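Structure data follow from coords-v4.txt (compact mmCIF, C-alpha atoms):
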```txt
# COMPACT_ATOMS: atom_id res chain seq x y z
CA MET A 1 -49.14 77.33 -60.63
CA SER A 2 -48.02 80.78 -61.64
CA VAL A 3 -46.55 81.49 -65.07
CA ILE A 4 -42.75 81.40 -65.01
CA ALA A 5 -40.20 82.64 -67.55
CA ALA A 6 -36.45 82.47 -68.07
CA ILE A 7 -33.79 82.58 -70.76
CA SER A 8 -33.16 78.93 -71.69
CA THR A 9 -30.07 79.45 -73.84
CA PRO A 10 -26.56 80.07 -72.44
CA ASP A 11 -25.67 83.47 -71.02
CA ALA A 12 -23.48 84.24 -74.01
CA VAL A 13 -23.75 85.68 -77.52
CA GLY A 14 -25.10 83.17 -80.03
CA GLY A 15 -27.13 82.78 -83.18
CA ILE A 16 -30.41 82.42 -81.27
CA GLY A 17 -31.77 83.23 -77.84
CA VAL A 18 -34.78 81.40 -76.36
CA ILE A 19 -37.08 82.74 -73.64
CA ARG A 20 -39.25 79.97 -72.22
CA VAL A 21 -42.64 80.79 -70.67
CA SER A 22 -44.61 78.05 -68.89
CA GLY A 23 -47.84 77.76 -66.90
CA ALA A 24 -51.57 78.23 -67.33
CA GLY A 25 -51.92 81.48 -69.29
CA ALA A 26 -48.40 81.43 -70.74
CA ASP A 27 -49.83 82.07 -74.22
CA ALA A 28 -51.84 85.07 -73.03
CA ILE A 29 -48.78 86.62 -71.41
CA ALA A 30 -46.67 85.96 -74.52
CA ASP A 31 -49.39 87.62 -76.63
CA ARG A 32 -48.78 90.86 -74.74
CA VAL A 33 -45.23 91.08 -76.11
CA PHE A 34 -45.48 89.14 -79.39
CA ARG A 35 -47.19 90.53 -82.49
CA PRO A 36 -47.62 87.95 -85.27
CA VAL A 37 -47.36 88.75 -88.96
CA GLY A 38 -50.51 86.67 -89.51
CA LYS A 39 -53.91 87.24 -87.95
CA LYS A 40 -53.92 84.48 -85.32
CA ARG A 41 -52.79 85.28 -81.82
CA LEU A 42 -50.88 82.72 -79.79
CA THR A 43 -53.94 81.95 -77.67
CA GLU A 44 -55.68 80.77 -80.85
CA LEU A 45 -52.91 78.43 -82.02
CA PRO A 46 -53.05 74.68 -81.35
CA GLY A 47 -50.04 72.93 -79.87
CA TYR A 48 -46.86 72.31 -81.86
CA ARG A 49 -47.36 75.38 -84.01
CA ALA A 50 -44.98 78.24 -84.77
CA ALA A 51 -45.74 81.85 -85.61
CA TYR A 52 -43.41 84.48 -87.05
CA GLY A 53 -43.61 88.06 -85.86
CA HIS A 54 -41.92 90.64 -83.64
CA VAL A 55 -41.51 91.19 -79.93
CA TYR A 56 -42.25 94.53 -78.31
CA ASP A 57 -41.68 96.13 -74.94
CA GLY A 58 -44.74 98.34 -74.85
CA GLU A 59 -44.52 100.16 -78.18
CA ALA A 60 -40.75 99.72 -78.48
CA LEU A 61 -39.77 97.14 -81.12
CA LEU A 62 -37.17 94.75 -79.74
CA ASP A 63 -36.54 92.09 -82.39
CA GLU A 64 -37.86 89.63 -84.94
CA CYS A 65 -39.16 86.50 -83.28
CA VAL A 66 -40.50 82.99 -83.85
CA ALA A 67 -42.98 81.85 -81.19
CA LEU A 68 -43.49 78.11 -80.58
CA VAL A 69 -46.66 77.03 -78.79
CA PHE A 70 -47.00 73.78 -76.80
CA ARG A 71 -50.27 72.74 -75.19
CA ALA A 72 -50.68 70.86 -71.90
CA PRO A 73 -50.09 68.07 -71.26
CA HIS A 74 -47.95 67.59 -74.38
CA SER A 75 -45.03 69.81 -73.42
CA PHE A 76 -41.82 69.33 -71.47
CA THR A 77 -43.32 70.75 -68.28
CA GLY A 78 -46.79 69.28 -68.86
CA GLU A 79 -48.17 72.84 -68.93
CA ASP A 80 -49.04 75.33 -71.65
CA THR A 81 -45.67 76.61 -72.83
CA VAL A 82 -44.44 79.26 -75.26
CA GLU A 83 -40.87 79.61 -76.43
CA LEU A 84 -39.87 82.95 -77.93
CA SER A 85 -36.82 82.62 -80.20
CA CYS A 86 -35.07 85.87 -81.10
CA HIS A 87 -31.53 86.79 -82.11
CA GLY A 88 -28.96 85.59 -79.59
CA GLY A 89 -27.52 88.84 -78.32
CA LEU A 90 -27.20 89.15 -74.54
CA TYR A 91 -28.95 92.51 -74.39
CA VAL A 92 -31.87 91.65 -76.64
CA THR A 93 -32.68 88.35 -74.88
CA ARG A 94 -32.61 90.09 -71.50
CA ARG A 95 -34.89 92.84 -72.81
CA VAL A 96 -37.35 90.26 -74.15
CA LEU A 97 -37.32 88.45 -70.80
CA ARG A 98 -37.93 91.72 -68.97
CA ALA A 99 -40.88 92.45 -71.23
CA VAL A 100 -42.37 89.00 -70.52
CA LEU A 101 -41.93 89.53 -66.77
CA ASP A 102 -43.55 92.96 -67.00
CA ALA A 103 -46.44 91.30 -68.85
CA GLY A 104 -47.24 89.11 -65.83
CA ALA A 105 -44.79 86.18 -65.58
CA ARG A 106 -42.40 85.72 -62.69
CA PRO A 107 -38.72 84.71 -62.93
CA ALA A 108 -38.23 80.94 -62.87
CA ASP A 109 -36.19 79.46 -60.05
CA ARG A 110 -33.24 77.13 -60.66
CA GLY A 111 -34.46 73.97 -62.36
CA GLU A 112 -38.10 75.01 -62.04
CA PHE A 113 -39.10 73.95 -65.58
CA THR A 114 -37.72 70.45 -64.95
CA LYS A 115 -39.21 70.44 -61.45
CA ARG A 116 -42.63 71.13 -62.94
CA ALA A 117 -42.11 68.30 -65.41
CA PHE A 118 -41.47 66.03 -62.41
CA LEU A 119 -44.42 67.32 -60.38
CA ASN A 120 -46.72 66.96 -63.40
CA GLY A 121 -45.67 63.34 -63.92
CA LYS A 122 -43.81 63.87 -67.20
CA ILE A 123 -40.58 62.42 -65.80
CA ASP A 124 -39.49 60.78 -62.55
CA LEU A 125 -36.73 62.10 -60.30
CA ALA A 126 -34.03 59.88 -61.84
CA GLU A 127 -34.88 61.16 -65.33
CA ALA A 128 -34.95 64.74 -64.01
CA GLU A 129 -31.47 64.39 -62.51
CA SER A 130 -30.18 63.05 -65.82
CA VAL A 131 -30.95 66.42 -67.46
CA MET A 132 -28.05 68.07 -65.65
CA ASN A 133 -25.87 65.05 -66.37
CA VAL A 134 -26.50 65.55 -70.10
CA ILE A 135 -25.63 69.24 -69.80
CA GLY A 136 -22.49 68.52 -67.78
CA ALA A 137 -21.30 65.50 -69.81
CA ALA A 138 -17.56 65.84 -70.48
CA GLY A 139 -17.17 62.91 -72.87
CA ASP A 140 -18.91 60.32 -75.03
CA ARG A 141 -19.39 57.74 -72.28
CA ALA A 142 -20.77 60.33 -69.84
CA LEU A 143 -23.20 61.55 -72.49
CA ARG A 144 -24.34 58.02 -73.36
CA ALA A 145 -24.92 57.19 -69.70
CA ALA A 146 -26.91 60.39 -69.11
CA ALA A 147 -28.98 59.92 -72.27
CA GLN A 148 -29.73 56.32 -71.34
CA THR A 149 -30.98 57.40 -67.91
CA GLY A 150 -33.01 60.22 -69.45
CA SER A 151 -34.70 57.74 -71.77
CA GLY A 152 -36.07 55.90 -68.74
CA ALA A 153 -33.85 52.80 -68.92
CA LEU A 154 -32.65 53.18 -65.31
CA SER A 155 -36.17 53.92 -64.07
CA ARG A 156 -37.47 50.76 -65.74
CA LYS A 157 -34.72 48.74 -64.09
CA LEU A 158 -35.53 50.23 -60.69
CA ALA A 159 -39.26 49.65 -61.25
CA ALA A 160 -38.59 45.94 -61.95
CA LEU A 161 -36.53 45.58 -58.76
CA ARG A 162 -39.16 47.47 -56.79
CA GLY A 163 -41.87 45.21 -58.20
CA ARG A 164 -40.05 42.09 -57.02
CA LEU A 165 -39.53 43.60 -53.58
CA THR A 166 -43.18 44.70 -53.39
CA HIS A 167 -44.29 41.15 -54.20
CA LEU A 168 -42.15 39.73 -51.38
CA SER A 169 -43.33 42.36 -48.91
CA ALA A 170 -46.98 41.83 -49.84
CA ALA A 171 -46.67 38.05 -49.43
CA LEU A 172 -45.19 38.43 -45.94
CA ALA A 173 -47.76 41.03 -44.96
CA TYR A 174 -50.58 38.72 -46.12
CA TRP A 175 -49.27 35.87 -43.99
CA SER A 176 -48.60 38.16 -40.97
CA ASP A 177 -52.13 39.61 -41.09
CA ASP A 178 -53.81 36.18 -41.12
CA PRO A 179 -51.39 33.69 -39.51
CA ASP A 180 -54.26 31.53 -38.27
CA GLU A 181 -55.90 31.24 -41.66
CA ASP A 182 -55.12 28.51 -44.15
CA VAL A 183 -52.25 30.51 -45.65
CA PRO A 184 -48.96 28.70 -46.25
CA GLU A 185 -46.00 30.31 -44.45
CA ALA A 186 -43.34 31.77 -46.71
CA ASP A 187 -40.56 29.34 -47.57
CA PRO A 188 -37.40 30.71 -45.87
CA ASP A 189 -35.10 29.20 -48.51
CA ALA A 190 -37.05 30.73 -51.41
CA LEU A 191 -37.30 34.06 -49.58
CA GLY A 192 -33.56 34.01 -48.87
CA ALA A 193 -32.76 33.31 -52.53
CA SER A 194 -34.97 36.21 -53.60
CA LEU A 195 -33.27 38.54 -51.15
CA ASP A 196 -29.82 37.42 -52.36
CA GLY A 197 -30.84 38.20 -55.94
CA LEU A 198 -32.05 41.70 -55.05
CA ILE A 199 -28.90 42.40 -53.00
CA GLY A 200 -26.74 41.28 -55.92
CA GLU A 201 -28.49 43.59 -58.38
CA LEU A 202 -28.20 46.57 -56.03
CA ASP A 203 -24.50 45.77 -55.61
CA THR A 204 -24.13 45.83 -59.39
CA LEU A 205 -25.77 49.27 -59.60
CA THR A 206 -23.45 50.62 -56.91
CA ARG A 207 -20.33 49.07 -58.47
CA ASP A 208 -21.19 50.36 -61.94
CA TYR A 209 -21.81 53.84 -60.50
CA ASP A 210 -18.42 53.85 -58.73
CA ASN A 211 -16.68 52.70 -61.92
CA GLY A 212 -18.65 55.11 -64.08
CA LYS A 213 -17.79 58.14 -61.94
CA ALA A 214 -14.56 58.46 -63.90
CA PHE A 215 -16.66 59.39 -66.93
CA THR A 216 -19.58 61.24 -65.30
CA GLU A 217 -18.34 63.11 -62.23
CA GLY A 218 -14.57 62.72 -62.25
CA VAL A 219 -12.21 60.84 -59.94
CA ARG A 220 -9.99 62.19 -57.19
CA CYS A 221 -6.50 61.65 -58.55
CA VAL A 222 -3.27 62.34 -56.65
CA ILE A 223 0.18 62.77 -58.25
CA CYS A 224 2.71 61.60 -55.70
CA GLY A 225 6.33 60.56 -55.37
CA SER A 226 9.68 61.61 -53.91
CA PRO A 227 11.00 65.17 -54.39
CA ASN A 228 12.25 66.06 -57.88
CA VAL A 229 10.85 63.04 -59.71
CA GLY A 230 8.84 65.37 -61.99
CA LYS A 231 5.42 65.50 -60.31
CA SER A 232 4.88 69.20 -60.96
CA THR A 233 6.11 68.89 -64.55
CA LEU A 234 3.59 66.08 -65.04
CA MET A 235 0.85 68.21 -63.48
CA ASN A 236 1.62 71.03 -65.92
CA LEU A 237 1.73 68.59 -68.84
CA LEU A 238 -1.72 67.17 -68.02
CA ALA A 239 -3.22 70.58 -67.24
CA GLY A 240 -1.83 72.12 -70.43
CA GLU A 241 -0.50 75.11 -68.49
CA GLU A 242 1.92 75.93 -65.69
CA ARG A 243 -0.14 75.20 -62.57
CA SER A 244 2.77 74.01 -60.42
CA ILE A 245 6.15 75.64 -59.81
CA VAL A 246 8.98 73.60 -61.33
CA THR A 247 12.59 74.03 -60.12
CA GLU A 248 15.62 71.81 -59.50
CA ILE A 249 15.35 72.53 -55.77
CA PRO A 250 13.82 69.61 -53.81
CA GLY A 251 10.75 70.51 -51.76
CA THR A 252 9.51 73.34 -54.02
CA THR A 253 5.90 72.11 -53.86
CA ARG A 254 4.78 72.60 -50.25
CA ASP A 255 1.02 72.47 -50.60
CA VAL A 256 -1.54 70.65 -52.70
CA VAL A 257 -2.08 72.18 -56.17
CA GLU A 258 -5.41 71.19 -57.77
CA GLU A 259 -6.77 71.17 -61.32
CA THR A 260 -9.53 69.38 -63.25
CA VAL A 261 -8.60 67.92 -66.64
CA ARG A 262 -10.16 65.52 -69.13
CA LEU A 263 -8.02 62.75 -70.60
CA GLY A 264 -9.89 60.81 -73.24
CA ASP A 265 -13.27 60.02 -71.67
CA VAL A 266 -11.98 60.29 -68.11
CA LEU A 267 -12.38 63.40 -65.95
CA LEU A 268 -9.57 63.75 -63.40
CA ARG A 269 -9.64 65.98 -60.34
CA LEU A 270 -5.86 66.24 -60.09
CA ALA A 271 -3.87 67.07 -56.99
CA ASP A 272 -0.10 67.70 -57.22
CA THR A 273 1.42 67.05 -53.80
CA ALA A 274 4.63 67.71 -51.91
CA GLY A 275 7.48 65.25 -52.35
CA LEU A 276 7.38 62.37 -49.88
CA ARG A 277 10.42 62.54 -47.62
CA GLN A 278 11.52 63.19 -44.05
CA THR A 279 12.24 66.89 -43.56
CA GLY A 280 13.09 69.28 -40.74
CA ASP A 281 11.37 72.16 -42.54
CA VAL A 282 8.12 72.75 -40.63
CA VAL A 283 6.22 74.13 -43.62
CA GLU A 284 7.37 71.36 -45.96
CA ALA A 285 6.50 68.75 -43.32
CA ILE A 286 2.92 70.00 -43.30
CA GLY A 287 2.84 69.64 -47.08
CA VAL A 288 4.16 66.08 -46.84
CA GLN A 289 1.48 65.20 -44.28
CA ARG A 290 -1.21 66.61 -46.56
CA ALA A 291 0.24 64.57 -49.43
CA ARG A 292 -0.07 61.38 -47.39
CA GLU A 293 -3.66 62.26 -46.52
CA ARG A 294 -4.50 62.83 -50.19
CA ILE A 295 -3.01 59.46 -51.10
CA GLY A 296 -5.31 57.82 -48.58
CA GLN A 297 -8.37 59.62 -50.00
CA ALA A 298 -7.50 59.23 -53.69
CA GLU A 299 -9.58 57.15 -56.09
CA LEU A 300 -6.64 57.03 -58.52
CA ILE A 301 -2.91 57.29 -57.77
CA LEU A 302 -0.34 58.47 -60.31
CA ALA A 303 2.84 57.23 -58.60
CA VAL A 304 5.80 59.00 -60.20
CA PHE A 305 9.39 57.71 -60.10
CA ASP A 306 12.62 59.05 -61.56
CA ALA A 307 13.65 56.34 -64.02
CA SER A 308 17.13 57.87 -64.29
CA GLU A 309 17.93 57.13 -60.62
CA PRO A 310 17.87 53.88 -58.62
CA LEU A 311 14.80 53.25 -56.46
CA THR A 312 15.10 54.60 -52.91
CA ASP A 313 13.61 53.29 -49.68
CA ALA A 314 10.95 56.03 -49.96
CA ASP A 315 10.16 54.85 -53.51
CA ARG A 316 9.72 51.27 -52.31
CA GLU A 317 7.49 52.43 -49.46
CA LEU A 318 5.27 54.23 -51.99
CA LEU A 319 5.14 51.12 -54.21
CA GLU A 320 3.94 49.08 -51.23
CA ALA A 321 1.27 51.70 -50.50
CA CYS A 322 0.00 51.38 -54.09
CA GLY A 323 -0.64 47.66 -53.76
CA GLY A 324 -4.34 46.87 -54.16
CA ARG A 325 -5.18 50.48 -55.07
CA ARG A 326 -6.30 51.88 -58.43
CA CYS A 327 -2.93 53.09 -59.61
CA VAL A 328 -0.79 53.95 -62.65
CA ILE A 329 2.98 53.85 -62.13
CA VAL A 330 4.81 56.54 -64.10
CA LEU A 331 8.52 56.04 -64.83
CA ASN A 332 9.48 59.61 -65.65
CA LYS A 333 12.58 61.23 -67.15
CA THR A 334 12.95 58.68 -69.94
CA ASP A 335 14.88 61.34 -71.85
CA LEU A 336 17.81 60.45 -69.54
CA PRO A 337 19.75 57.12 -69.37
CA PRO A 338 17.50 54.60 -67.55
CA ARG A 339 18.37 53.04 -64.18
CA VAL A 340 14.90 51.65 -63.40
CA GLN A 341 13.14 49.13 -65.62
CA VAL A 342 9.43 48.40 -66.00
CA GLY A 343 9.98 44.95 -64.49
CA ASP A 344 11.24 46.56 -61.26
CA VAL A 345 7.84 48.13 -60.50
CA ALA A 346 5.22 46.43 -62.69
CA ALA A 347 4.08 44.01 -59.96
CA TYR A 348 2.65 46.86 -57.88
CA ALA A 349 0.07 48.15 -60.39
CA SER A 350 -1.88 47.01 -63.44
CA GLU A 351 -0.42 49.79 -65.60
CA THR A 352 3.14 51.12 -65.89
CA VAL A 353 3.99 53.94 -68.31
CA LEU A 354 7.31 55.25 -69.57
CA LEU A 355 7.17 59.06 -69.81
CA SER A 356 9.21 62.15 -70.30
CA ALA A 357 7.04 64.85 -68.75
CA LYS A 358 9.64 67.36 -69.92
CA THR A 359 9.29 66.51 -73.64
CA GLY A 360 5.78 65.04 -73.57
CA GLU A 361 6.89 61.71 -75.03
CA GLY A 362 4.66 58.98 -73.62
CA ALA A 363 1.76 61.32 -72.78
CA GLN A 364 -0.65 59.48 -75.08
CA ALA A 365 0.31 56.15 -73.52
CA LEU A 366 -0.38 57.64 -70.10
CA THR A 367 -3.83 58.85 -71.21
CA GLU A 368 -4.68 55.39 -72.53
CA ALA A 369 -3.44 53.70 -69.34
CA ILE A 370 -5.50 56.03 -67.14
CA ASN A 371 -8.62 55.33 -69.22
CA ARG A 372 -8.07 51.56 -68.92
CA VAL A 373 -7.59 51.71 -65.16
CA CYS A 374 -10.55 54.01 -64.56
CA ALA A 375 -12.87 51.98 -66.77
CA GLY A 376 -12.35 49.00 -64.47
CA ASP A 377 -15.24 46.57 -64.85
CA ALA A 378 -17.67 49.27 -66.03
CA ALA A 379 -19.57 47.91 -69.01
CA GLU A 380 -19.75 50.20 -72.03
CA ASN A 381 -23.54 50.50 -71.77
CA ALA A 382 -24.00 49.87 -68.03
CA LEU A 383 -26.94 51.58 -66.36
CA LEU A 384 -25.48 54.25 -64.07
CA LEU A 385 -27.12 55.86 -61.06
CA THR A 386 -27.44 59.60 -61.64
CA GLY A 387 -25.53 60.78 -58.60
CA GLU A 388 -24.60 60.48 -54.95
CA ARG A 389 -28.22 60.90 -53.77
CA GLN A 390 -29.28 57.80 -55.67
CA ARG A 391 -26.21 55.88 -54.55
CA GLN A 392 -27.09 56.58 -50.92
CA CYS A 393 -30.68 55.42 -51.51
CA CYS A 394 -29.32 52.27 -53.14
CA GLN A 395 -27.01 51.68 -50.18
CA ARG A 396 -29.86 52.13 -47.69
CA ALA A 397 -32.03 49.67 -49.59
CA ARG A 398 -29.16 47.20 -49.80
CA SER A 399 -28.43 47.53 -46.06
CA ALA A 400 -32.06 46.91 -45.14
CA LEU A 401 -32.20 43.83 -47.40
CA ALA A 402 -28.95 42.51 -45.90
CA ASP A 403 -30.41 42.97 -42.40
CA ALA A 404 -33.54 41.12 -43.54
CA ARG A 405 -31.41 38.28 -44.91
CA GLU A 406 -29.46 38.06 -41.65
CA ALA A 407 -32.67 38.15 -39.59
CA LEU A 408 -34.16 35.39 -41.71
CA ALA A 409 -31.06 33.22 -41.26
CA GLY A 410 -31.15 33.87 -37.51
CA GLY A 411 -34.70 32.64 -37.15
CA VAL A 412 -36.29 36.03 -36.47
CA THR A 413 -40.06 36.15 -36.99
CA LEU A 414 -41.25 36.92 -40.50
CA ASP A 415 -43.17 40.02 -39.42
CA ALA A 416 -39.83 41.55 -38.32
CA VAL A 417 -38.35 40.63 -41.71
CA SER A 418 -41.34 42.32 -43.33
CA VAL A 419 -40.53 45.59 -41.53
CA LEU A 420 -37.02 45.54 -43.02
CA LEU A 421 -38.40 44.85 -46.50
CA ASP A 422 -40.67 47.88 -46.16
CA GLU A 423 -37.64 49.99 -45.19
CA ALA A 424 -35.81 48.82 -48.31
CA LEU A 425 -38.88 49.55 -50.42
CA ARG A 426 -39.08 53.13 -49.12
CA ALA A 427 -35.43 53.73 -50.01
CA MET A 428 -35.96 52.37 -53.54
CA MET A 429 -39.08 54.48 -54.06
CA GLU A 430 -37.08 57.55 -53.01
CA MET A 431 -34.61 56.87 -55.84
CA THR A 432 -37.23 57.71 -58.48
CA GLY A 433 -39.14 60.25 -56.40
CA GLU A 434 -42.24 58.21 -55.55
CA ASN A 435 -41.58 58.60 -51.85
CA VAL A 436 -39.49 61.69 -51.35
CA SER A 437 -39.71 64.79 -49.17
CA ASP A 438 -40.07 68.35 -50.39
CA ALA A 439 -36.64 69.06 -48.91
CA VAL A 440 -35.02 66.39 -51.08
CA ILE A 441 -36.86 67.65 -54.17
CA GLY A 442 -35.70 71.19 -53.44
CA GLU A 443 -32.10 70.02 -53.01
CA VAL A 444 -32.16 68.12 -56.33
CA PHE A 445 -33.42 71.03 -58.42
CA ALA A 446 -31.25 73.62 -56.65
CA ARG A 447 -28.31 72.11 -58.60
CA PHE A 448 -29.90 73.09 -61.92
CA CYS A 449 -29.29 76.24 -63.89
CA VAL A 450 -32.02 78.83 -64.39
CA GLY A 451 -33.88 78.09 -67.63
CA LYS A 452 -33.93 74.30 -67.12
```

Using the file provided, produce a representation of the structure as structure tokens.
Amino acid sequence: MSVIAAISTPDAVGGIGVIRVSGAGADAIADRVFRPVGKKRLTELPGYRAAYGHVYDGEALLDECVALVFRAPHSFTGEDTVELSCHGGLYVTRRVLRAVLDAGARPADRGEFTKRAFLNGKIDLAEAESVMNVIGAAGDRALRAAAQTGSGALSRKLAALRGRLTHLSAALAYWSDDPDEDVPEADPDALGASLDGLIGELDTLTRDYDNGKAFTEGVRCVICGSPNVGKSTLMNLLAGEERSIVTEIPGTTRDVVEETVRLGDVLLRLADTAGLRQTGDVVEAIGVQRARERIGQAELILAVFDASEPLTDADRELLEACGGRRCVIVLNKTDLPPRVQVGDVAAYASETVLLSAKTGEGAQALTEAINRVCAGDAAENALLLTGERQRQCCQRARSALADAREALAGGVTLDAVSVLLDEALRAMMEMTGENVSDAVIGEVFARFCVGK
């Protein structure tokens, strides 16, 4: 592979800037721009050694520099790697990178360093995907989940499941290849129990991923309610700025206003919607229809009610729609005399919060309620799939195993069951990259930033 180079620190001013160079001959290329204070050139240094010196662009001095040398295969990428650490100014790091490129390296593509680590067997695809999850972690639980995946815990779990499935598939294949030999036929009851166990564990992975999305990727959250109950004021309170127009005129919000906020450990993709009511205004009616669509798509509903006014028929209709959904009921305007009590609405959701979005009183209670609802049954240290790609692989494997279980119960021949087990095995191998196309690999690493 060619030698690649990129700035691996953020594109911002900082105390230090790092230019990473990787590939066979990375040390020789770095030697063309780095002049050590000592006598040894970088090509002469063993791995895990540092040298102090200066970087040059031709004869032009650019900066002081510390060069770190890593030797294959004991580096992140599995290749010879040099990291040039200079002062963290934007201009100087870009000049150093340009000098390295002029010396013979080529610019790294998005995620190419991590991609090389995967291709060189340093990490599997699940561990590679966790790198971006660590970078994008927005809270403690998201960081813990990403770090746990990066340490290989998820890959070990998947390997154990894959091993059990491989054993079943091999046993069926052995019997199918030699049905006339003195080979005992697989016991359908034992096979069915094994399939049920695998299906259950895949269901747990999917459930934990769906619950954990609140901490890792964010949940689609809709703020809904009748006109003038304080939805836009609540949106502005949660966003920390005026994102929605607030007036005393009903129907002010006519479209969906969106914002992403973090409350505690939970990341919310908020949508403030038009007030739910019948209206003859064509534009407002479109907004109401969009609000109803968002409620149907939402993973979390913040149902807002004016606690200073009696419940209306529209309010009761919304309460019914919240039944069985992940929902927090917000009784707003508690700064005014109350006409709705918690007991009037509590049966429709697991959490009800008293709030004055105008004064902010009750905001902390709302944050805590949202965190409790979003946590669901997610265990504190549950193994989480790294993203939607893995969830889809998990679902495909689960579907194939369920079909195999149904076929077995229906008396279908064991060789047909074996075909379904092989399909499930392929999907599970794709999760960690052992059986994955170049197109999938390219799609995974296209999400990365340059320098990783």

| request: Kindly provide, as an MDAnalysis selection string, the polymer residues lying within 12 Å of (-9.9, 52.6, -65.7), counting only C-alpha atoms and using the coordinates exactly as they appear in the file. | output: chainID A and resid 210:215 218:219 263:268 299:301 325:328 350:351 366:380

| task | Quote the spacing between atom CA of Met428 of chain A and atom CA of Ser130 of chain A in Å to one decimal place. | result |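 According to the coordinates, atom CA of Met428 of chain A and atom CA of Ser130 of chain A are separated by 17.3 Å.
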
| field | Best match for closeness to Asp124 of chain A among A:Leu385, A:Asn332, A:Tyr209, A:Met431, counting all atoms listed in the file | value |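 Nearest candidate to Asp124 of chain A out of A:Leu385, A:Asn332, A:Tyr209, A:Met431: A:Met431.
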
| message | So that I can check the surroundings of Ile295 of chain A, please list as a PyMOL selection string every protein, DNA and RNA residue that reaches within 9 Å of it, counting all atoms listed in the file and ignoring chain neighbours fewer than 4 positions away. | response | chain A and resi 221-224+290-291+299-301+321

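Here atom CA of Ala147 of chain A stands at a distance of 23.4 Å from atom CA of Thr260 of chain A.
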
| task | Compile the contact shell of Ala67 of chain A as a PyMOL selection string: residues with an atom at most 6 Å away, counting all atoms listed in the file, same-chain residues fewer than 3 positions apart removed. | result | chain A and resi 50-51+83-84

| query | What lies within 10 Å of Ala357 of chain A using only C-alpha atoms, ignoring chain neighbours under 2 positions off, as a list of chain:residue names? | reply |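 After dropping sequence-adjacent residues, the list is A:Val229, A:Gly230, A:Lys231, A:Ser232, A:Thr233, A:Leu234, A:Met235, A:Asn236, A:Leu237, A:Leu238, A:Val330, A:Leu331, A:Asn332, A:Lys333, A:Thr334, A:Asp335, A:Leu354, A:Leu355, A:Thr359, A:Gly360, A:Glu361, A:Gly362, A:Ala363.
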
| message | With all atoms listed in the file as the counted atoms, please give the residues lying no more than 9 Å from Asp11 of chain A, apart from itself and same-chain residues fewer than 3 positions off, as a list in words. | response |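 The contact residues come out as Ile7, Ser8 and Leu90 of chain A.
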
| At most 7 Å from (-32.1, 82.9, -75.3), file frame, only C-alpha atoms: which residues, as an NGL selection string? | :A and (7-10 or 16-19 or 85 or 88 or 93)

| said: When you look at Thr77 of chain A with a cut-off of 8 Å (counting all atoms listed in the file), what residues show up, excluding the ones that are within fewer than 2 positions of it in the same chain? I need them as a count of residues only. | reply: 13

| So how many Å separate atom CA of Ala193 of chain A and atom CA of Ser418 of chain A, to one decimal? | 15.5 Å

| said: Between A:Gly163, A:Gly15, A:Pro107, A:Pro188, which residue has the minimum interatomic distance to Val412 of chain A, considering all atoms listed in the file? | reply: A:Pro188

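Residue nearest Gly111 of chain A within the list A:Gly324, A:Lys157, A:Ala170, A:Ala5: A:Ala5 [criterion: smallest interatomic distance, all atoms listed in the file].
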
| Closest of A:Arg106, A:Arg389, A:Val69, A:His74 to Ser2 of chain A - atom-to-atom distances counting only C-alpha atoms | A:Arg106

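The shortest atom-to-atom distance to Ile123 of chain A, with all atoms listed in the file taken into account, belongs to A:Glu434 out of A:Glu309, A:Asp189, A:Asp102, A:Glu434.
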
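Here the question is which of A:Ile441, A:Leu421, A:Val92, A:Leu205 gets nearest to Ala407 of chain A using all atoms listed in the file, and that residue is A:Leu421.
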